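Asker: Pasting a structure below so you can have a look.
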Amino acid sequence: MVKCVALVVAAGRGRRFGGDIPKQYLDLAGRAVLRHSLAALAANPQIAAVRAVIHPDDRPLYDGAAAGLGLLDPVPGGENRQDSVRLGLESLAGQAPDVVLIHDGARPFADAGIAARVIAALDRHAGAIPAVPVADTLKRGADGLIAGTVDRAGLWRAQTPQGFRYADILAAHRAVAGEELTDDAAVLERAGLPVALVMGTEENVKITTAADLDRARGAFAGPGEFRTGSGYDVHKFAKGSGVWLCGVEIPHDAALEGHSDADVALHALTDAVLGAIAAGDIGHHFPPSDARWKGAPSHLFLAHAAGLVAGLGGRIVSVDVTIICERPKVGPHRAAMQARLAEILGIRQDRVSVKATTTEGLGFTGRREGIAAQATATVWLPG
């Protein structure tokens with residue numbers, strides 16, 4: 001699988017916008033503009049990691065905007081955008097990405113479909129950008145008068161995230177260090193490599209002026225929407241003296257086998273929450289091949305999924321977990337499980353349901369070879 005890392009450029013001072021706070025940290029529907037950009041990329045299952053390039057003076061603002069999203073540590077930018085991108089690219093060497101997405105921090109409405117089209121184009125091209133064809137008639141002006149009409153055929157408005165094969169764009173940026181080109185596609189063009197166009201969206205606007213921000217706030221004036229996700233997981237029994245279910249340790253004559261603590265119920269619920277926001281599955285965010293998660297408590301996984309929902313400006317409305325096993329008995333621990341899930345998710349306990357059932361002696365659970373769990377989660381998202 002191609003490893004994709006996203007680089008969010010947010011080191012600018014927003015001089016055209018004005019004001020004491022850089023535009024990327026201004027409020028947009030209760031969250032910093034930058035948080036919208038970061039959260040959308042962090043929730044994208046095609047993106048392995050996200051790093052921001054920021055101005056060193058903005059670190060407190062950045063920490064607030066990025067809280068809970070599980071991003072790579074930010075790096076400081078340079079004198080201009082091109083320097084900032086190059087420094088960001090240099091910092092990703094340890095991540096060893098195959099491809100990189102470079103996104104403007106003040107462009108908060110780039111959806112997962114745009115990123116998917118860009119990434120897909122990198123199978124055939126060294127670079128790809130989202131863009132929309134110019135629809136308006138274009139005029140060239142001089143001294144307040146029309147000096148001519150420009151043929152709009154073949155003209156496109158470039159957007160971000162722009163995608164590139166990592167080695168190519170890093171080499172291209174190193175080659176033009178000290179210059180100021182208009183975007184990263186222009187940097188790759190200078191290197192003589194073709195850049196593909198994929199369709200962007202009219203909604204994927206960049207906030208440059210106060211009027212842009214006002215229009216962006218209008219996009220959140222609606223009632224929002226509810227989404228539902230589902231999850232399912234299985235773990236087999238192994239030698240041990242207890243199992244973890246819904247974050248509660250239960251004495252038993254066996255344990256559950258797994259790379260983490262094997263809490264099958266938390267794993268199913270994590271997948272349900274991730275599914276509700278189309279953020280992939282638990283294996284994408286916490287791969288079992290990563291030694292960091294060996295023996296890890298599974299509440300970390302669920303808390304991460306909940307953080308992604310919050311990062312998108314959403315909230316978890318309710319969750320429902322069904323544990324499928326013959327033993328141990330769940331009933332005596334149900335209240336503790338509900339309380340623990342409510343604590344992890346930051347919701348009221350009466351929005352948490354935990355149930356248990358058997359398979360009447362049928363199948364692997366009926367033979368007491370393991371435990372299965374299924375879960376659903378309902379979330380609300382703005383916009």
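Letters A, B, ... mark the chains of the structure tokens in the order given; residue numbers begin at 1 per chain; ligand numbers begin at 1, in order shown.
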Please give the complete set of residues from segment 18-243 of chain A that DSSP, run on the backbone, assigns to strand (DSSP E or B), formatted as an NGL selection string.
Answerer: :A and (27-28 or 31-32 or 49-54 or 75-76 or 99-104 or 127-133 or 138-142 or 145-150 or 156-158 or 162-165 or 195-199 or 225-238 or 242-243)
Asker: Select from segment 101-224 of chain A everything DSSP, run on the backbone, classes as helix (DSSP H, G or I), then give the selection as a ChimeraX atom specification.
Answerer: /A:112-121,166-175,184-190,210-218
Asker: Set the distance at 9 Å and use only C-alpha atoms: which residues neighbour Pro328 of chain A once local chain neighbours fewer than 4 positions away are removed? I'd like the list as a PyMOL selection string.
Answerer: chain A and resi 243+250-253
Asker: Taking 5 positions as the minimum chain separation for residues in the same chain, which residues sit within 12 Å of Gly192 of chain A when counting only C-alpha atoms? Answer as a PyMOL selection string.
Answerer: chain A and resi 126-127+168-169+171-172+175+185-187
Asker: Which residue gives the smallest distance to Asp271 of chain A among A:Leu312, A:Leu245, A:Leu345, A:Ala375, with only C-alpha atoms counted?
Answerer: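 Checking each candidate against Asp271 of chain A, we get A:Ala375 as the closest.
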Asker: Name the residues in contact with segment 329-334 of chain A at a cut-off of 12 Å, using only C-alpha atoms, excluding same-chain residues fewer than 5 positions from it; report them as a PyMOL selection string.
Answerer: chain A and resi 243-252+265+321-324+339-341+349+352-358+371
Asker: Atom CA of Pro22 of chain A to atom CA of Val198 of chain A: how many Å, to one decimal?
Answerer: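 Separating atom CA of Pro22 of chain A from atom CA of Val198 of chain A is a distance of 30.0 Å.
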Asker: Could you name the residues that touch Pro161 of chain A at 7 Å or less, counting only C-alpha atoms, but leaving out those on the same chain fewer than 6 positions away, as a ChimeraX atom specification?
Answerer: /A:101-103,115,129
Asker: Got time to write the residues from that selection, N, CA and C atoms, as a PDB file, in the first residue's frame?
Answerer:
```pdb
ATOM      1  N   LEU A 101       0.799  14.900   0.365  1.00  0.00           N
ATOM      2  CA  LEU A 101      -0.202  15.909   0.040  1.00  0.00           C
ATOM      3  C   LEU A 101       0.208  17.204   0.722  1.00  0.00           C
ATOM      4  N   ILE A 102       0.186  18.311  -0.014  1.00  0.00           N
ATOM      5  CA  ILE A 102       0.533  19.621   0.541  1.00  0.00           C
ATOM      6  C   ILE A 102      -0.717  20.480   0.495  1.00  0.00           C
ATOM      7  N   HIS A 103      -1.152  20.931   1.679  1.00  0.00           N
ATOM      8  CA  HIS A 103      -2.449  21.594   1.792  1.00  0.00           C
ATOM      9  C   HIS A 103      -2.303  22.927   2.507  1.00  0.00           C
ATOM     10  N   ALA A 115      -8.970  14.456  -1.987  1.00  0.00           N
ATOM     11  CA  ALA A 115      -7.702  13.779  -1.681  1.00  0.00           C
ATOM     12  C   ALA A 115      -7.609  12.445  -2.405  1.00  0.00           C
ATOM     13  N   ILE A 129      -2.970  17.950  -8.993  1.00  0.00           N
ATOM     14  CA  ILE A 129      -3.615  18.988  -8.201  1.00  0.00           C
ATOM     15  C   ILE A 129      -5.117  18.985  -8.478  1.00  0.00           C
TER      16      ILE A 129
END
```
Asker: For each of A:His304, A:Val33, A:Pro97, A:Gln159, take the minimum atom-to-atom distance to Asp212 of chain A, counting only C-alpha atoms, then give the residue where this is smallest.
Answerer: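 Among the listed residues, A:Val33 lies closest to Asp212 of chain A.
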Asker: Do you know which residues are at most 7 Å from Phe220 of chain A counting only C-alpha atoms, after dropping those on the same chain fewer than 2 positions away, and could you put them as a ChimeraX atom specification?
Answerer: /A:29,217-218,222,382-383
Asker: My list of candidates is A:Ala93, A:Ala106, A:Leu7, A:Leu362. Which is closest to Arg35 of chain A when distances are computed with only C-alpha atoms?
Answerer: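 Ranked by minimum distance to Arg35 of chain A, first place goes to A:Ala106.
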Asker: Rank A:Asp263, A:Asp98, A:Glu90, A:Asp111 by their smallest atom-to-atom distance to Ala42 of chain A, using only C-alpha atoms, and report the top residue only.
Answerer: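 With only C-alpha atoms as the atom set, the closest residue is A:Asp111.
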Asker: With only C-alpha atoms as the basis for distance, which of A:Arg152, A:Arg51, A:Lys3, A:His259 is at the shortest distance from His235 of chain A?
Answerer: A:His259
Asker: Calculate how many Å separate atom CA of Leu188 of chain A from atom CA of Lys139 of chain A, rounding to one decimal.
Answerer: 28.7 Å
Asker: Determine the nearest neighbour of Leu89 of chain A from the options A:His299, A:His285, A:Arg174, A:Lys236, counting only C-alpha atoms.
Answerer: A:Arg174
Asker: Would you mind reading off the distance between atom CA of Ala39 of chain A and atom CA of Met337 of chain A, one decimal, in Å?
Answerer: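 Atom CA of Met337 of chain A lies at a distance of 29.0 Å from atom CA of Ala39 of chain A.
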Asker: Please identify every residue of segment 165-275 of chain A that has at least one atom no farther than 8 Å from an atom of segment 119-125 of chain A, counting only C-alpha atoms, and for each give the shortest atom pair and the distance in Å to one decimal, arranged by chain then increasing number, as a Markdown table.
Answerer:
```
| residue | atom | partner | partner_atom | distance |
| --- | --- | --- | --- | --- |
| A:Arg165 | CA | A:Leu122 | CA | 6.9 |
| A:Pro194 | CA | A:His125 | CA | 6.9 |
| A:Val195 | CA | A:His125 | CA | 6.6 |
| A:Ala196 | CA | A:His125 | CA | 6.6 |
| A:Val198 | CA | A:Ala121 | CA | 7.7 |
```
Asker: Restricted to C-alpha atoms, what would the selected residues look like written as a compact mmCIF listing (two decimals), in the first residue's frame?
Answerer:
```
# COMPACT_ATOMS: atom_id res chain seq x y z
CA ARG A 165 5.64 11.63 -5.25
CA PRO A 194 4.12 16.80 -15.72
CA VAL A 195 1.36 17.55 -13.22
CA ALA A 196 -2.11 16.09 -13.66
CA VAL A 198 -8.20 16.31 -11.17
```
